[in-house]
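K.L.:
Starting off with a structure, shown below.
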Amino acid sequence: MTAPSIHWFRNDLRLFDNPALAAATAGGPVIPVFILDDDAAGDWKTGAMSRRWLHRSLESLNAELRKLGGKLVLRKGDSWPELWRIMQQTGAQAVYWNDRYEPWAVKQDAQVEREIAREGKRLERFNGALLFDHAGIATPSGDPYKVFTPFSRHCLQNDIRPIIGKPEKIEMPEDMPDSVPLTELGLDGELREDWTPGEQAAQYRLGWFIENAVHEYRDKRDYPESPSHASKLSAHIAHGEISPVYIWHTVSRFCLVNNTQDDVENANAYLVQLLWREFHYYLLQHFPQMPDAPLNRSYENFQWGGAEQTLQCWREGRTGYPIVDAGMRQLRRTGWLPNRVRMIAASFLVKDLLQHWKHGQDWFWRNLVDADLANNAASWQWVSGCGADAAPFFRIFNPMMQSRKFDPHGRYIKAQLPELAELSERYIHAPWEAPEEALERANVTLGETYPKPVVYHAIARKHALELFEAVKTGTLS
DNA sequence: TTTTGAGTTGTTCGA
DNA sequence: GTCGAACAACTCAAA
């Protein structure tokens, strides 16, 4: 009888298009394992909301495995000792995994790889998280790309591997190792009802998106109001419930089968988003300090200097700027907010409140159901202007202008901020400009039912420009 | 080596 | 309200 192998599930909680799992199951009996190893991640332990998602994702994965005759073995503790115990107990001769890219995970995987070799066992590594193999991607001079467009052009010269089917059956050894009950992992907690973690839900969501939204994605993705044209796949992707390769080919098939030139261009705008994720992972691999330090060294000594009080206002959605507050309240309530609103809220924190981008990164990390180290770090650095950013001019979002442009009727704001529900369209973007009678009619008392603006954008903008100008001319100590 | 072209997502001003 | 130019002159990629 063939010795069993371990498939070590990490950020790949799915059966479809899972290269490591497919290879493991093709080779004989498999023990599917997930280990909660918080110590290894250090400061980058999974965020609180993401853990709630993880709890239900594991539950769902176990149910899917059972349909194929398998079962998920859960453990809590240091990864290698847990793996080794399982190997000794079951006689497993090999470990299969899909690679991870977080710096702490890269380090841990390298250590486990050495241990496996030392014990004379076999390790099989696969790429389950990325569209491309990044090993050969560099500029002609051999440097890593720092601009998105040339990076993506380089990527697209290569083919994307085809989708790998789901295993037909999981053959398990007779004596399975112990499993910790899911409830003992301490991941459970309240999650909004409209979120359904798990692979099936992810595929259903993708189906919905292709059916209803992708053909208008380019034109409508920036409008946060319902019905949203966002795919809302981010949390599914972050936990590996669906793979970028699977999404890429499924959306591409939509482009081939149906549809006008315009539909296809709309859909392509979505595929570009997947390439941005790819770029963020590429940056994290080449600049592992990205979550901790600015890529642009000139910003290392920047004096952010925002007051603790304004940081708290931002976190709680009490800045007095409705579009910012709407986003921040939605984040706290649901663990998610639309991309456009992320940018507006992030720009406000960094440029208007002069808070260090790492405060924003931390808060998002803790509250997003889709928290992803590469995306989060690269995006915060992009907003702050200290990351890989090809823009020739310094950008400061104007929250009123963005609000008028992308939520013209204030429907999104009103849905998130019930205290402003009665305020007229005219003043919803800047309540402090409303005449007293308009506020009264709407039952709004500034400073009581809704905050007065915590800073004045025009002044804050000017101040930020001066400070950031100093970075450029190198006058900072 | 030098040079040229180009870069996710913006804002403000003035006609 | 809409439109185009100016912003200030960067950095990166590639010829």
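We name chains A, B, ... following the order of the structure tokens; residues begin at 1 in each chain, and ligands are numbered from 1 as shown.
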Give me the residues within 12 Å of DC3 (chain C) as a PyMOL selection string, counting only C-alpha atoms (C1' of nucleotides) and dropping any in the same chain fewer than 3 places off.
P.N.:
chain B and resi 13-15
K.L.:
Residues within 7 Å of region 392-406 of chain A, please, as a list in words. Count only C-alpha atoms (C1' of nucleotides); anything in the same chain fewer than 6 positions from it doesn't count.
P.N.:
Asp222, Tyr223, Ile323, Ile344, Ser347, Lys351, His429 and Ala430 of chain A; DG10 of chain B; DC10 of chain C
K.L.:
May I have all residues of region 246-413 of chain A that DSSP, computed from the backbone, assigns to helix (DSSP H, G or I), given as a VMD selection string?
P.N.:
chain A and resid 246 to 257 261 to 286 297 to 299 308 to 316 322 to 334 339 to 352 357 to 367 373 to 384 399 to 406 411 to 413
K.L.:
Using CA of Met49 (chain A) and CA of Trp195 (chain A) as the two end points, give the distance in Å to one decimal.
P.N.:
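Taking CA of Met49 (chain A) as the start and CA of Trp195 (chain A) as the end point, the length is 11.7 Å.
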K.L.:
Residues of chain C were defined as contacting chain A if any atom lay at most 12 Å from it, counting only C-alpha atoms (C1' of nucleotides); please report them as a PyMOL selection string.
P.N.:
chain C and resi 6-15
K.L.:
Report as a ChimeraX atom specification the set of chain B residues whose atoms approach chain A to within 9 Å, with distances computed over only C-alpha atoms (C1' of nucleotides).
P.N.:
/B:7-11
K.L.:
Quick one: write out the picked residues with N, CA and C atoms (P, O5', C5', C4', C3', O3' and C1' of nucleotides) as a PDB file, in the first residue's frame?
P.N.:
```pdb
ATOM      1  P    DG B   7       1.563  55.246 -20.487  1.00  0.00           P
ATOM      2  O5'  DG B   7       1.613  55.000 -18.921  1.00  0.00           O
ATOM      3  C5'  DG B   7       2.490  54.015 -18.392  1.00  0.00           C
ATOM      4  C4'  DG B   7       2.749  54.326 -16.933  1.00  0.00           C
ATOM      5  C3'  DG B   7       1.494  54.738 -16.169  1.00  0.00           C
ATOM      6  O3'  DG B   7       1.602  54.245 -14.850  1.00  0.00           O
ATOM      7  C1'  DG B   7       3.055  56.473 -16.060  1.00  0.00           C
ATOM      8  P    DT B   8       0.894  52.924 -14.527  1.00  0.00           P
ATOM      9  O5'  DT B   8      -0.519  53.645 -14.370  1.00  0.00           O
ATOM     10  C5'  DT B   8      -1.512  52.923 -13.716  1.00  0.00           C
ATOM     11  C4'  DT B   8      -2.805  53.693 -13.836  1.00  0.00           C
ATOM     12  C3'  DT B   8      -2.869  54.895 -12.887  1.00  0.00           C
ATOM     13  O3'  DT B   8      -3.542  55.968 -13.540  1.00  0.00           O
ATOM     14  C1'  DT B   8      -4.549  53.332 -12.327  1.00  0.00           C
ATOM     15  P    DT B   9      -3.483  57.378 -12.819  1.00  0.00           P
ATOM     16  O5'  DT B   9      -4.846  57.315 -12.011  1.00  0.00           O
ATOM     17  C5'  DT B   9      -6.059  57.235 -12.716  1.00  0.00           C
ATOM     18  C4'  DT B   9      -7.179  56.929 -11.744  1.00  0.00           C
ATOM     19  C3'  DT B   9      -7.276  57.922 -10.569  1.00  0.00           C
ATOM     20  O3'  DT B   9      -8.565  58.469 -10.538  1.00  0.00           O
ATOM     21  C1'  DT B   9      -7.499  55.720  -9.851  1.00  0.00           C
ATOM     22  P    DG B  10      -8.599  60.090 -10.816  1.00  0.00           P
ATOM     23  O5'  DG B  10      -7.388  60.618  -9.917  1.00  0.00           O
ATOM     24  C5'  DG B  10      -7.380  60.485  -8.505  1.00  0.00           C
ATOM     25  C4'  DG B  10      -7.194  61.863  -7.877  1.00  0.00           C
ATOM     26  C3'  DG B  10      -8.393  62.774  -8.093  1.00  0.00           C
ATOM     27  O3'  DG B  10      -8.636  63.480  -6.898  1.00  0.00           O
ATOM     28  C1'  DG B  10      -6.453  63.765  -9.039  1.00  0.00           C
ATOM     29  P    DT B  11      -9.769  64.547  -6.802  1.00  0.00           P
ATOM     30  O5'  DT B  11      -8.977  65.902  -7.045  1.00  0.00           O
ATOM     31  C5'  DT B  11      -7.924  66.231  -6.151  1.00  0.00           C
ATOM     32  C4'  DT B  11      -7.534  67.663  -6.364  1.00  0.00           C
ATOM     33  C3'  DT B  11      -8.699  68.654  -6.368  1.00  0.00           C
ATOM     34  O3'  DT B  11      -8.324  69.729  -5.535  1.00  0.00           O
ATOM     35  C1'  DT B  11      -7.446  68.869  -8.368  1.00  0.00           C
TER      36       DT B  11
END
```
K.L.:
Name all residues at most 8 Å from Arg318 (chain A) (count only C-alpha atoms (C1' of nucleotides); drop same-chain ones fewer than 4 positions away) and give them as a list of chain:residue names.
P.N.:
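Selected residues are A:Cys313, A:Trp314, A:Asp325, A:Tyr450, A:Pro451.
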K.L.:
Tell me, in Å to one decimal, how far CA of Ile116 (chain A) is from CA of Ile237 (chain A).
P.N.:
28.7 Å
